[in-house]
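Asks: What follows is a single structure, and I will ask about it in a moment.
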Amino acid sequence: MNPVLVFIPNIIGYIRIILLFIGWIFSDNPYWFLALYVTSIVLDEIDGWAARKFNQVSEFGAWLNVIIDNIGRGMLWCLISPNGYFVSVVEWVSFISNYTQQGSSWKQLQEPPEFAAKVMKNGFRTPPGMFAIAGLHFLPVWLYVIQRRILAEVLIGVFVKLQYVVLGLLLIGRALAMSVEVWCIFSHIRRLLTQGGSKD
């Protein structure tokens with residue numbers, strides 16, 4: 001067996017997949033689902049720390065991590081709306097476009113416009129990058145919470161307005177992330193067309 005398969009961060013990844021699968025089974029119970037989903041998100045932070053701590057960074061682990069993220073968010077978007085798969089499809093196509101060209105260095109865009117460079121710089125570790133990632137990860141969670149009225153009893157009066165302020169900020173962050181995703185997709189299409197033209 002390849003030792004990379006049993007690296008600690010990859011084992012954490014397998015646990016995340018199991019949590020998402022169980023969450024899907026319990027999707028009729030929003031509290032159980034949300035607890036399992038949020039636990040998977042927390043483990044996403046831990047697996048990155050484990051990869052660096054134990055020097056177990058791998059091409060497979062980098063790929064697996066994004067695949068699990070996309071599976072989880074895709075599942076959540078589909079629970080929120082029958083058309084939620086559209087957002088997930090954009091994420092998948094963007095990741096595939098970048099990964100095809102860059103491999104595990106998919107975060108390093110080739111000749112990006114300034115807005116995309118600022119978002120992706122240092123692996124999203126910039127204010128625009130963190131804003132986009134917040135929208136990417138937490139917008140579907142927040143929409144799920146609002147839709148299922150999970151905080152309805154807590155957020156009363158003035159706090160109801162607060163939930164929509166948070167929603168607005170997350171929507172802007174997600175729009176920023178999607179603008180980068182769409183640029184990545186069209187950039188990849190442009191490369192494919194250029195390569196195809198040069199072979200004719």
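Just remember, in the structure tokens the first chain shown is A, the second B, etc., residues are 1-based per chain, and ligands are 1-based in the order shown.
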Give me the residues near Ala62 of chain A as a PDB file with N, CA, C and O atoms, in the first residue's frame, where near means some atom within 12 Å (using only C-alpha atoms) and where sequence neighbours in that chain fewer than 3 positions away do not count.
Replies:
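Output saved as out23.pdb:
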ATOM      1  N   VAL A   4       1.390   7.228   1.305  1.00  0.00           N
ATOM      2  CA  VAL A   4       0.681   8.511   1.238  1.00  0.00           C
ATOM      3  C   VAL A   4      -0.784   8.333   1.622  1.00  0.00           C
ATOM      4  O   VAL A   4      -1.398   9.217   2.224  1.00  0.00           O
ATOM      5  N   PHE A   7      -1.232   8.851   5.327  1.00  0.00           N
ATOM      6  CA  PHE A   7      -0.754  10.078   5.960  1.00  0.00           C
ATOM      7  C   PHE A   7      -1.872  10.606   6.861  1.00  0.00           C
ATOM      8  O   PHE A   7      -3.053  10.500   6.530  1.00  0.00           O
ATOM      9  N   PRO A   9      -3.022  13.663   7.530  1.00  0.00           N
ATOM     10  CA  PRO A   9      -4.021  14.581   6.947  1.00  0.00           C
ATOM     11  C   PRO A   9      -4.986  13.883   5.999  1.00  0.00           C
ATOM     12  O   PRO A   9      -6.156  14.271   5.894  1.00  0.00           O
ATOM     13  N   ASN A  10      -4.520  12.825   5.327  1.00  0.00           N
ATOM     14  CA  ASN A  10      -5.414  12.101   4.413  1.00  0.00           C
ATOM     15  C   ASN A  10      -6.421  11.249   5.183  1.00  0.00           C
ATOM     16  O   ASN A  10      -7.576  11.128   4.775  1.00  0.00           O
ATOM     17  N   GLY A  13      -9.022  13.443   6.078  1.00  0.00           N
ATOM     18  CA  GLY A  13      -9.873  13.631   4.902  1.00  0.00           C
ATOM     19  C   GLY A  13     -10.906  12.532   4.760  1.00  0.00           C
ATOM     20  O   GLY A  13     -12.075  12.793   4.451  1.00  0.00           O
ATOM     21  N   ASP A  44     -11.147  20.292   8.241  1.00  0.00           N
ATOM     22  CA  ASP A  44     -10.442  20.804   7.064  1.00  0.00           C
ATOM     23  C   ASP A  44      -9.279  21.689   7.495  1.00  0.00           C
ATOM     24  O   ASP A  44      -8.202  21.666   6.887  1.00  0.00           O
ATOM     25  N   ASP A  47      -6.521  19.286   9.066  1.00  0.00           N
ATOM     26  CA  ASP A  47      -5.700  18.456   8.169  1.00  0.00           C
ATOM     27  C   ASP A  47      -4.569  19.268   7.532  1.00  0.00           C
ATOM     28  O   ASP A  47      -3.474  18.747   7.319  1.00  0.00           O
ATOM     29  N   GLY A  48      -4.828  20.560   7.264  1.00  0.00           N
ATOM     30  CA  GLY A  48      -3.752  21.406   6.744  1.00  0.00           C
ATOM     31  C   GLY A  48      -2.639  21.583   7.765  1.00  0.00           C
ATOM     32  O   GLY A  48      -1.445  21.518   7.437  1.00  0.00           O
ATOM     33  N   ALA A  51      -0.687  18.320   7.989  1.00  0.00           N
ATOM     34  CA  ALA A  51       0.201  18.116   6.832  1.00  0.00           C
ATOM     35  C   ALA A  51       1.524  18.854   7.036  1.00  0.00           C
ATOM     36  O   ALA A  51       2.603  18.319   6.749  1.00  0.00           O
ATOM     37  N   ARG A  52       1.438  20.088   7.562  1.00  0.00           N
ATOM     38  CA  ARG A  52       2.657  20.859   7.796  1.00  0.00           C
ATOM     39  C   ARG A  52       3.408  20.367   9.031  1.00  0.00           C
ATOM     40  O   ARG A  52       4.630  20.245   9.010  1.00  0.00           O
ATOM     41  N   GLN A  56       3.767  15.949   5.979  1.00  0.00           N
ATOM     42  CA  GLN A  56       3.043  14.967   5.170  1.00  0.00           C
ATOM     43  C   GLN A  56       2.218  15.667   4.073  1.00  0.00           C
ATOM     44  O   GLN A  56       1.097  15.282   3.781  1.00  0.00           O
ATOM     45  N   VAL A  57       2.829  16.680   3.472  1.00  0.00           N
ATOM     46  CA  VAL A  57       2.205  17.361   2.339  1.00  0.00           C
ATOM     47  C   VAL A  57       2.376  16.463   1.117  1.00  0.00           C
ATOM     48  O   VAL A  57       3.456  15.912   0.897  1.00  0.00           O
ATOM     49  N   SER A  58       1.311  16.276   0.351  1.00  0.00           N
ATOM     50  CA  SER A  58       1.401  15.412  -0.834  1.00  0.00           C
ATOM     51  C   SER A  58       0.478  15.923  -1.933  1.00  0.00           C
ATOM     52  O   SER A  58      -0.491  16.634  -1.665  1.00  0.00           O
ATOM     53  N   GLU A  59       0.793  15.557  -3.162  1.00  0.00           N
ATOM     54  CA  GLU A  59      -0.070  15.896  -4.305  1.00  0.00           C
ATOM     55  C   GLU A  59      -1.459  15.298  -4.089  1.00  0.00           C
ATOM     56  O   GLU A  59      -2.471  15.958  -4.318  1.00  0.00           O
ATOM     57  N   ASN A  65      -8.196  17.135  -0.559  1.00  0.00           N
ATOM     58  CA  ASN A  65      -8.766  18.193   0.272  1.00  0.00           C
ATOM     59  C   ASN A  65      -9.780  19.033  -0.512  1.00  0.00           C
ATOM     60  O   ASN A  65     -10.881  19.314  -0.030  1.00  0.00           O
ATOM     61  N   VAL A  66      -9.414  19.431  -1.726  1.00  0.00           N
ATOM     62  CA  VAL A  66     -10.322  20.258  -2.521  1.00  0.00           C
ATOM     63  C   VAL A  66     -11.526  19.447  -2.989  1.00  0.00           C
ATOM     64  O   VAL A  66     -12.657  19.951  -3.018  1.00  0.00           O
ATOM     65  N   ILE A  67     -11.313  18.183  -3.328  1.00  0.00           N
ATOM     66  CA  ILE A  67     -12.421  17.318  -3.748  1.00  0.00           C
ATOM     67  C   ILE A  67     -13.455  17.208  -2.621  1.00  0.00           C
ATOM     68  O   ILE A  67     -14.661  17.338  -2.851  1.00  0.00           O
ATOM     69  N   ILE A  68     -12.982  16.998  -1.387  1.00  0.00           N
ATOM     70  CA  ILE A  68     -13.898  16.877  -0.247  1.00  0.00           C
ATOM     71  C   ILE A  68     -14.637  18.195  -0.019  1.00  0.00           C
ATOM     72  O   ILE A  68     -15.853  18.204   0.221  1.00  0.00           O
ATOM     73  N   ASP A  69     -13.905  19.320  -0.103  1.00  0.00           N
ATOM     74  CA  ASP A  69     -14.558  20.631   0.037  1.00  0.00           C
ATOM     75  C   ASP A  69     -15.678  20.791  -0.985  1.00  0.00           C
ATOM     76  O   ASP A  69     -16.790  21.221  -0.655  1.00  0.00           O
ATOM     77  N   PHE A  95     -12.012  24.377 -10.599  1.00  0.00           N
ATOM     78  CA  PHE A  95     -10.936  23.584 -10.002  1.00  0.00           C
ATOM     79  C   PHE A  95     -10.303  22.660 -11.036  1.00  0.00           C
ATOM     80  O   PHE A  95      -9.077  22.566 -11.133  1.00  0.00           O
ATOM     81  N   TYR A  99      -6.493  22.752 -12.030  1.00  0.00           N
ATOM     82  CA  TYR A  99      -5.698  21.573 -11.664  1.00  0.00           C
ATOM     83  C   TYR A  99      -5.108  20.911 -12.902  1.00  0.00           C
ATOM     84  O   TYR A  99      -4.000  20.379 -12.856  1.00  0.00           O
ATOM     85  N   GLY A 103      -1.655  21.375 -11.550  1.00  0.00           N
ATOM     86  CA  GLY A 103      -1.495  20.323 -10.547  1.00  0.00           C
ATOM     87  C   GLY A 103      -1.738  20.865  -9.150  1.00  0.00           C
ATOM     88  O   GLY A 103      -2.619  21.692  -8.946  1.00  0.00           O
ATOM     89  N   SER A 104      -0.918  20.436  -8.194  1.00  0.00           N
ATOM     90  CA  SER A 104      -1.131  20.871  -6.813  1.00  0.00           C
ATOM     91  C   SER A 104      -0.820  22.357  -6.611  1.00  0.00           C
ATOM     92  O   SER A 104      -1.119  22.918  -5.563  1.00  0.00           O
ATOM     93  N   SER A 105      -0.232  23.000  -7.620  1.00  0.00           N
ATOM     94  CA  SER A 105       0.022  24.450  -7.560  1.00  0.00           C
ATOM     95  C   SER A 105      -1.119  25.229  -8.187  1.00  0.00           C
ATOM     96  O   SER A 105      -0.930  26.326  -8.704  1.00  0.00           O
ATOM     97  N   TRP A 106      -2.333  24.671  -8.121  1.00  0.00           N
ATOM     98  CA  TRP A 106      -3.488  25.266  -8.805  1.00  0.00           C
ATOM     99  C   TRP A 106      -3.830  26.665  -8.308  1.00  0.00           C
ATOM    100  O   TRP A 106      -4.496  27.420  -8.993  1.00  0.00           O
ATOM    101  N   LYS A 107      -3.357  27.028  -7.117  1.00  0.00           N
ATOM    102  CA  LYS A 107      -3.648  28.369  -6.596  1.00  0.00           C
ATOM    103  C   LYS A 107      -2.775  29.442  -7.243  1.00  0.00           C
ATOM    104  O   LYS A 107      -3.026  30.630  -7.069  1.00  0.00           O
TER     105      LYS A 107
END
Asks: At a cut-off of 10 Å, using only C-alpha atoms, what residues contact Val166 of chain A? Leave out same-chain residues fewer than 4 positions from it and give the result as a VMD selection string.
Replies: chain A and resid 139 142 161 to 162 170 to 171
Asks: Once DSSP has gone over the backbone, tell me which residues of chain A are in alpha helix (DSSP H), as an MDAnalysis selection string.
Replies: chainID A and resid 8:25 30:53 59:80 85:102 114:124 127:147 158:199
Asks: Go ahead and write the residues just picked, C-alpha atoms, as a compact mmCIF listing (two decimals), in the first residue's frame.
Replies:
# COMPACT_ATOMS: atom_id res chain seq x y z
CA ILE A 8 -2.48 11.69 8.96
CA PRO A 9 -4.02 14.58 6.95
CA ASN A 10 -5.41 12.10 4.41
CA ILE A 11 -6.94 9.96 7.18
CA ILE A 12 -8.59 13.15 8.45
CA GLY A 13 -9.87 13.63 4.90
CA TYR A 14 -11.46 10.16 4.90
CA ILE A 15 -13.15 11.01 8.22
CA ARG A 16 -14.49 14.19 6.63
CA ILE A 17 -16.00 12.16 3.77
CA ILE A 18 -17.68 9.83 6.27
CA LEU A 19 -19.07 12.81 8.22
CA LEU A 20 -20.51 14.31 5.02
CA PHE A 21 -22.06 10.96 4.06
CA ILE A 22 -23.67 10.60 7.50
CA GLY A 23 -24.78 14.25 7.29
CA TRP A 24 -26.52 13.49 3.99
CA ILE A 25 -28.33 10.55 5.61
CA PRO A 30 -30.97 20.30 10.28
CA TYR A 31 -29.25 20.27 13.67
CA TRP A 32 -27.56 16.90 13.10
CA PHE A 33 -26.68 17.82 9.54
CA LEU A 34 -25.20 21.17 10.53
CA ALA A 35 -23.19 19.64 13.40
CA LEU A 36 -21.69 17.02 11.07
CA TYR A 37 -21.05 19.54 8.29
CA VAL A 38 -19.38 22.10 10.57
CA THR A 39 -17.24 19.34 12.12
CA SER A 40 -16.06 18.50 8.61
CA ILE A 41 -15.13 22.17 8.05
CA VAL A 42 -13.19 22.27 11.34
CA LEU A 43 -11.32 19.10 10.35
CA ASP A 44 -10.44 20.80 7.06
CA GLU A 45 -8.39 23.32 9.07
CA ILE A 46 -6.82 20.55 11.16
CA ASP A 47 -5.70 18.46 8.17
CA GLY A 48 -3.75 21.41 6.74
CA TRP A 49 -2.06 21.92 10.11
CA ALA A 50 -1.29 18.17 10.34
CA ALA A 51 0.20 18.12 6.83
CA ARG A 52 2.66 20.86 7.80
CA LYS A 53 3.30 19.63 11.35
CA GLU A 59 -0.07 15.90 -4.30
CA PHE A 60 -2.78 13.37 -3.41
CA GLY A 61 -3.60 15.18 -0.15
CA ALA A 62 -3.87 18.57 -1.87
CA TRP A 63 -6.21 17.08 -4.49
CA LEU A 64 -8.26 15.13 -1.91
CA ASN A 65 -8.77 18.19 0.27
CA VAL A 66 -10.32 20.26 -2.52
CA ILE A 67 -12.42 17.32 -3.75
CA ILE A 68 -13.90 16.88 -0.25
CA ASP A 69 -14.56 20.63 0.04
CA ASN A 70 -16.38 20.61 -3.31
CA ILE A 71 -18.40 17.51 -2.43
CA GLY A 72 -19.50 19.06 0.88
CA ARG A 73 -20.42 22.45 -0.54
CA GLY A 74 -22.12 20.85 -3.55
CA MET A 75 -24.23 18.72 -1.24
CA LEU A 76 -25.15 21.76 0.85
CA TRP A 77 -26.04 23.90 -2.17
CA CYS A 78 -28.34 21.12 -3.41
CA LEU A 79 -30.09 21.03 -0.01
CA ILE A 80 -30.60 24.81 -0.14
CA TYR A 85 -25.99 22.53 -8.22
CA PHE A 86 -25.17 25.43 -10.59
CA VAL A 87 -22.88 27.07 -8.00
CA SER A 88 -21.26 23.70 -7.35
CA VAL A 89 -20.71 23.09 -11.08
CA VAL A 90 -18.87 26.42 -11.42
CA GLU A 91 -16.61 25.42 -8.49
CA TRP A 92 -15.88 21.98 -9.99
CA VAL A 93 -15.16 23.28 -13.50
CA SER A 94 -12.93 26.04 -12.11
CA PHE A 95 -10.94 23.58 -10.00
CA ILE A 96 -10.60 21.09 -12.86
CA SER A 97 -9.49 23.89 -15.19
CA ASN A 98 -6.77 25.04 -12.78
CA TYR A 99 -5.70 21.57 -11.66
CA THR A 100 -5.33 20.37 -15.26
CA GLN A 101 -2.81 23.13 -15.90
CA GLN A 102 -1.09 23.54 -12.53
CA GLU A 114 -5.23 42.21 -10.73
CA PHE A 115 -8.41 41.34 -8.79
CA ALA A 116 -7.79 37.59 -9.18
CA ALA A 117 -4.11 37.94 -8.23
CA LYS A 118 -5.09 39.77 -5.03
CA VAL A 119 -7.63 37.07 -4.11
CA MET A 120 -5.27 34.15 -4.80
CA LYS A 121 -2.08 35.72 -3.43
CA ASN A 122 -0.31 33.65 -0.76
CA GLY A 123 -2.95 30.92 -0.96
CA PHE A 124 -5.86 33.30 -0.19
CA PRO A 127 -7.89 40.46 2.94
CA PRO A 128 -9.58 39.96 -0.48
CA GLY A 129 -8.65 36.26 -0.39
CA MET A 130 -10.07 35.71 3.08
CA PHE A 131 -13.21 37.65 2.13
CA ALA A 132 -13.70 35.44 -0.94
CA ILE A 133 -13.04 32.25 1.05
CA ALA A 134 -15.52 33.34 3.74
CA GLY A 135 -18.17 33.75 1.05
CA LEU A 136 -17.20 30.45 -0.57
CA HIS A 137 -17.34 28.37 2.62
CA PHE A 138 -19.87 30.15 4.82
CA LEU A 139 -22.51 31.55 2.45
CA PRO A 140 -24.14 28.13 1.90
CA VAL A 141 -23.97 27.39 5.63
CA TRP A 142 -25.57 30.75 6.47
CA LEU A 143 -28.29 30.29 3.83
CA TYR A 144 -29.01 26.84 5.26
CA VAL A 145 -29.26 28.29 8.79
CA ILE A 146 -31.67 31.03 7.62
CA GLN A 147 -33.73 28.66 5.48
CA VAL A 158 -32.60 43.98 15.92
CA PHE A 159 -30.62 40.76 15.51
CA VAL A 160 -32.80 39.76 12.57
CA LYS A 161 -31.27 42.69 10.69
CA LEU A 162 -27.83 41.44 11.67
CA GLN A 163 -28.40 38.10 9.96
CA TYR A 164 -29.10 39.94 6.70
CA VAL A 165 -26.01 42.13 7.11
CA VAL A 166 -23.95 38.93 7.45
CA LEU A 167 -25.78 37.47 4.46
CA GLY A 168 -24.99 40.55 2.36
CA LEU A 169 -21.28 40.41 3.24
CA LEU A 170 -21.10 36.68 2.46
CA LEU A 171 -22.88 37.24 -0.87
CA ILE A 172 -20.30 39.86 -1.84
CA GLY A 173 -17.47 37.52 -0.83
CA ARG A 174 -19.01 34.67 -2.83
CA ALA A 175 -19.46 36.95 -5.85
CA LEU A 176 -15.76 37.83 -5.61
CA ALA A 177 -14.83 34.13 -5.46
CA MET A 178 -17.11 33.36 -8.40
CA SER A 179 -15.58 36.14 -10.49
CA VAL A 180 -12.18 34.46 -10.02
CA GLU A 181 -13.67 31.04 -10.81
CA VAL A 182 -15.27 32.32 -14.01
CA TRP A 183 -12.00 33.98 -15.04
CA CYS A 184 -10.16 30.67 -14.44
CA ILE A 185 -12.67 28.77 -16.58
CA PHE A 186 -12.47 31.20 -19.50
CA SER A 187 -8.68 31.40 -19.18
CA HIS A 188 -8.52 27.61 -19.46
CA ILE A 189 -10.87 27.59 -22.46
CA ARG A 190 -8.65 30.20 -24.11
CA ARG A 191 -5.56 28.01 -23.55
CA LEU A 192 -7.37 24.97 -24.96
CA LEU A 193 -8.42 26.87 -28.07
CA THR A 194 -4.90 28.22 -28.56
CA GLN A 195 -3.38 24.75 -28.17
CA GLY A 196 -5.99 23.24 -30.48
CA GLY A 197 -5.32 25.92 -33.09
CA SER A 198 -1.57 25.36 -33.04
CA LYS A 199 -1.97 21.62 -33.69
Asks: Please report the interatomic distance between atom CA of Pro112 of chain A and atom CA of Gly84 of chain A in Å with one decimal.
Replies: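 Interatomic distance, atom CA of Pro112 of chain A to atom CA of Gly84 of chain A: 27.5 Å.
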